[in-house]
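Novice: Below is one structure. I have some questions about it.
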Amino acid sequence: NGSDLGRAINYGKDVDRKAISGSPIVPDTLRLVKEDDDSVLYAVTILKAQIEPGTVEGGQFVAGASVDFVEEFVRCCKEKRFTVRDFKYDPTQASKSAMLMEQMQVEVEGMKTGLTRWCRTHYGEAFVAWMHIKVIRVFVESVLRYGLPVDFTAVLYKAARNKETDLINSLDNAFGKNDDTGDDEDKEDYHEFVLLTFDP
């Protein structure tokens, strides 16, 4: 500073070395790692500690004390409602993570292939079993409604998309609809024929 030229300067223990202090954060190390709707993750590098200058007392050098920056940095961050997590860089961890990710992708692809093959194999069996249950239910409900001997015809209709209601109304008009059967809540669901929907 040019204004200090010619002035007396104090040295050693006569100087207040704590009057001016800088930030322990290493310049240009703040990096945005990840951001979502709830939180933001930053990475920053700070100095771990510093050793205060020593002094000479009675002809003996007295080493300066160590000042921990990490603890003070964490405290200041908590005051600002930031959460601090330690991160120790391991040069070999990146390669290990890449190898692990590749191995997991191979395992996932293998499991996906096996699961797809299993589903294709057993889908037909499950579908046939489902249809058998539907047929048994048609038989049981028809016997319970019309009695013995068994005399009914089971028909499978494939309705176009969004035409299911029109099909049911057409069947009601063809076979008739008994409005006096059942309670008020059941009138809408009752038909003169056994109706089972099937939506695979």
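A note on labels: chains of the structure tokens are A, B, ... as shown, every chain counts residues from 1, and ligands are counted from 1 in their shown order.
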Run DSSP on the backbone and give me the residues of chain A it puts in strand (DSSP E or B), as JSON, numbers by chain.

Specialist: {"A": [25, 31, 32, 33, 34, 35, 40, 41, 42, 43, 46, 49, 50, 51, 55, 56, 57, 60, 61, 62, 66, 67, 68]}

Novice: I need the chosen residues saved as a PDB file, in the first residue's frame, with N, CA and C atoms.

Specialist:
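The file below, again.pdb, is the result:
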ATOM      1  N   ILE A  25     -12.207 -21.400   2.239  1.00  0.00           N
ATOM      2  CA  ILE A  25     -12.669 -22.037   1.006  1.00  0.00           C
ATOM      3  C   ILE A  25     -11.677 -21.776  -0.110  1.00  0.00           C
ATOM      4  N   ARG A  31     -18.864 -26.325  -6.888  1.00  0.00           N
ATOM      5  CA  ARG A  31     -19.430 -26.987  -8.052  1.00  0.00           C
ATOM      6  C   ARG A  31     -20.825 -27.504  -7.727  1.00  0.00           C
ATOM      7  N   LEU A  32     -21.757 -27.296  -8.664  1.00  0.00           N
ATOM      8  CA  LEU A  32     -23.105 -27.846  -8.523  1.00  0.00           C
ATOM      9  C   LEU A  32     -23.077 -29.299  -8.970  1.00  0.00           C
ATOM     10  N   VAL A  33     -23.407 -30.223  -8.057  1.00  0.00           N
ATOM     11  CA  VAL A  33     -23.366 -31.653  -8.351  1.00  0.00           C
ATOM     12  C   VAL A  33     -24.720 -32.166  -8.822  1.00  0.00           C
ATOM     13  N   LYS A  34     -25.774 -31.858  -8.069  1.00  0.00           N
ATOM     14  CA  LYS A  34     -27.109 -32.382  -8.380  1.00  0.00           C
ATOM     15  C   LYS A  34     -28.158 -31.437  -7.832  1.00  0.00           C
ATOM     16  N   GLU A  35     -29.262 -31.323  -8.566  1.00  0.00           N
ATOM     17  CA  GLU A  35     -30.349 -30.455  -8.144  1.00  0.00           C
ATOM     18  C   GLU A  35     -31.680 -31.096  -8.486  1.00  0.00           C
ATOM     19  N   VAL A  40     -30.482 -29.145  -3.229  1.00  0.00           N
ATOM     20  CA  VAL A  40     -29.382 -28.868  -4.148  1.00  0.00           C
ATOM     21  C   VAL A  40     -28.098 -29.373  -3.497  1.00  0.00           C
ATOM     22  N   LEU A  41     -27.273 -30.077  -4.275  1.00  0.00           N
ATOM     23  CA  LEU A  41     -26.025 -30.629  -3.760  1.00  0.00           C
ATOM     24  C   LEU A  41     -24.850 -29.909  -4.408  1.00  0.00           C
ATOM     25  N   TYR A  42     -23.999 -29.325  -3.547  1.00  0.00           N
ATOM     26  CA  TYR A  42     -22.800 -28.640  -3.994  1.00  0.00           C
ATOM     27  C   TYR A  42     -21.574 -29.361  -3.449  1.00  0.00           C
ATOM     28  N   ALA A  43     -20.485 -29.253  -4.175  1.00  0.00           N
ATOM     29  CA  ALA A  43     -19.186 -29.734  -3.705  1.00  0.00           C
ATOM     30  C   ALA A  43     -18.257 -28.537  -3.584  1.00  0.00           C
ATOM     31  N   ILE A  46     -12.262 -26.955   1.047  1.00  0.00           N
ATOM     32  CA  ILE A  46     -11.804 -25.988   2.033  1.00  0.00           C
ATOM     33  C   ILE A  46     -10.487 -26.464   2.623  1.00  0.00           C
ATOM     34  N   ALA A  49      -7.016 -26.966   8.016  1.00  0.00           N
ATOM     35  CA  ALA A  49      -6.565 -26.243   9.215  1.00  0.00           C
ATOM     36  C   ALA A  49      -5.396 -25.347   8.822  1.00  0.00           C
ATOM     37  N   GLN A  50      -4.978 -24.534   9.781  1.00  0.00           N
ATOM     38  CA  GLN A  50      -3.776 -23.736   9.582  1.00  0.00           C
ATOM     39  C   GLN A  50      -3.002 -23.658  10.899  1.00  0.00           C
ATOM     40  N   ILE A  51      -1.722 -23.473  10.771  1.00  0.00           N
ATOM     41  CA  ILE A  51      -0.866 -23.317  11.948  1.00  0.00           C
ATOM     42  C   ILE A  51      -0.566 -21.840  12.134  1.00  0.00           C
ATOM     43  N   THR A  55       6.161 -17.738  17.904  1.00  0.00           N
ATOM     44  CA  THR A  55       6.843 -16.571  18.491  1.00  0.00           C
ATOM     45  C   THR A  55       8.097 -17.036  19.224  1.00  0.00           C
ATOM     46  N   VAL A  56       8.971 -16.081  19.460  1.00  0.00           N
ATOM     47  CA  VAL A  56      10.201 -16.345  20.213  1.00  0.00           C
ATOM     48  C   VAL A  56      10.072 -15.680  21.580  1.00  0.00           C
ATOM     49  N   GLU A  57      10.083 -16.490  22.598  1.00  0.00           N
ATOM     50  CA  GLU A  57       9.956 -15.985  23.964  1.00  0.00           C
ATOM     51  C   GLU A  57      11.125 -16.488  24.801  1.00  0.00           C
ATOM     52  N   GLN A  60      13.549 -18.797  23.131  1.00  0.00           N
ATOM     53  CA  GLN A  60      13.037 -20.086  22.699  1.00  0.00           C
ATOM     54  C   GLN A  60      11.866 -19.876  21.731  1.00  0.00           C
ATOM     55  N   PHE A  61      11.859 -20.682  20.694  1.00  0.00           N
ATOM     56  CA  PHE A  61      10.767 -20.591  19.705  1.00  0.00           C
ATOM     57  C   PHE A  61       9.563 -21.366  20.210  1.00  0.00           C
ATOM     58  N   VAL A  62       8.436 -20.703  20.198  1.00  0.00           N
ATOM     59  CA  VAL A  62       7.176 -21.321  20.611  1.00  0.00           C
ATOM     60  C   VAL A  62       6.301 -21.498  19.367  1.00  0.00           C
ATOM     61  N   SER A  66      -2.675 -24.856  16.280  1.00  0.00           N
ATOM     62  CA  SER A  66      -3.381 -25.272  15.071  1.00  0.00           C
ATOM     63  C   SER A  66      -4.844 -24.826  15.131  1.00  0.00           C
ATOM     64  N   VAL A  67      -5.299 -24.213  14.070  1.00  0.00           N
ATOM     65  CA  VAL A  67      -6.672 -23.728  13.997  1.00  0.00           C
ATOM     66  C   VAL A  67      -7.456 -24.629  13.048  1.00  0.00           C
ATOM     67  N   ASP A  68      -8.506 -25.277  13.562  1.00  0.00           N
ATOM     68  CA  ASP A  68      -9.326 -26.195  12.770  1.00  0.00           C
ATOM     69  C   ASP A  68     -10.375 -25.400  12.000  1.00  0.00           C
TER      70      ASP A  68
END

Novice: Using backbone DSSP assignments, extract all alpha helix (DSSP H) residues from chain A; output them as number ranges by chain.

Specialist: A: 69-79, 91-146, 164-175

Novice: Give the answer as one residue: which of A:Leu156, A:Val26, A:Val108, A:Val128 has the shortest atom-to-atom distance to Leu196 of chain A, using only C-alpha atoms?

Specialist: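 Looking only at the distances to Leu196 of chain A, the closest residue turns out to be A:Leu156.
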
Novice: Which of these, A:Thr45, A:Asn169, A:Tyr123, A:Thr116, has the shortest distance to Phe87 of chain A once you count only C-alpha atoms?

Specialist: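 Ranked by minimum distance to Phe87 of chain A, first place goes to A:Thr45.
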
Novice: Skip Asn173 of chain A itself and residues of its chain fewer than 6 positions away, then list as a list in words all residues within 12 Å of it, counting only C-alpha atoms.

Specialist: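 Counting only the stated atoms, we get Asp166, Leu167, His191, Glu192 and Phe193 of chain A.
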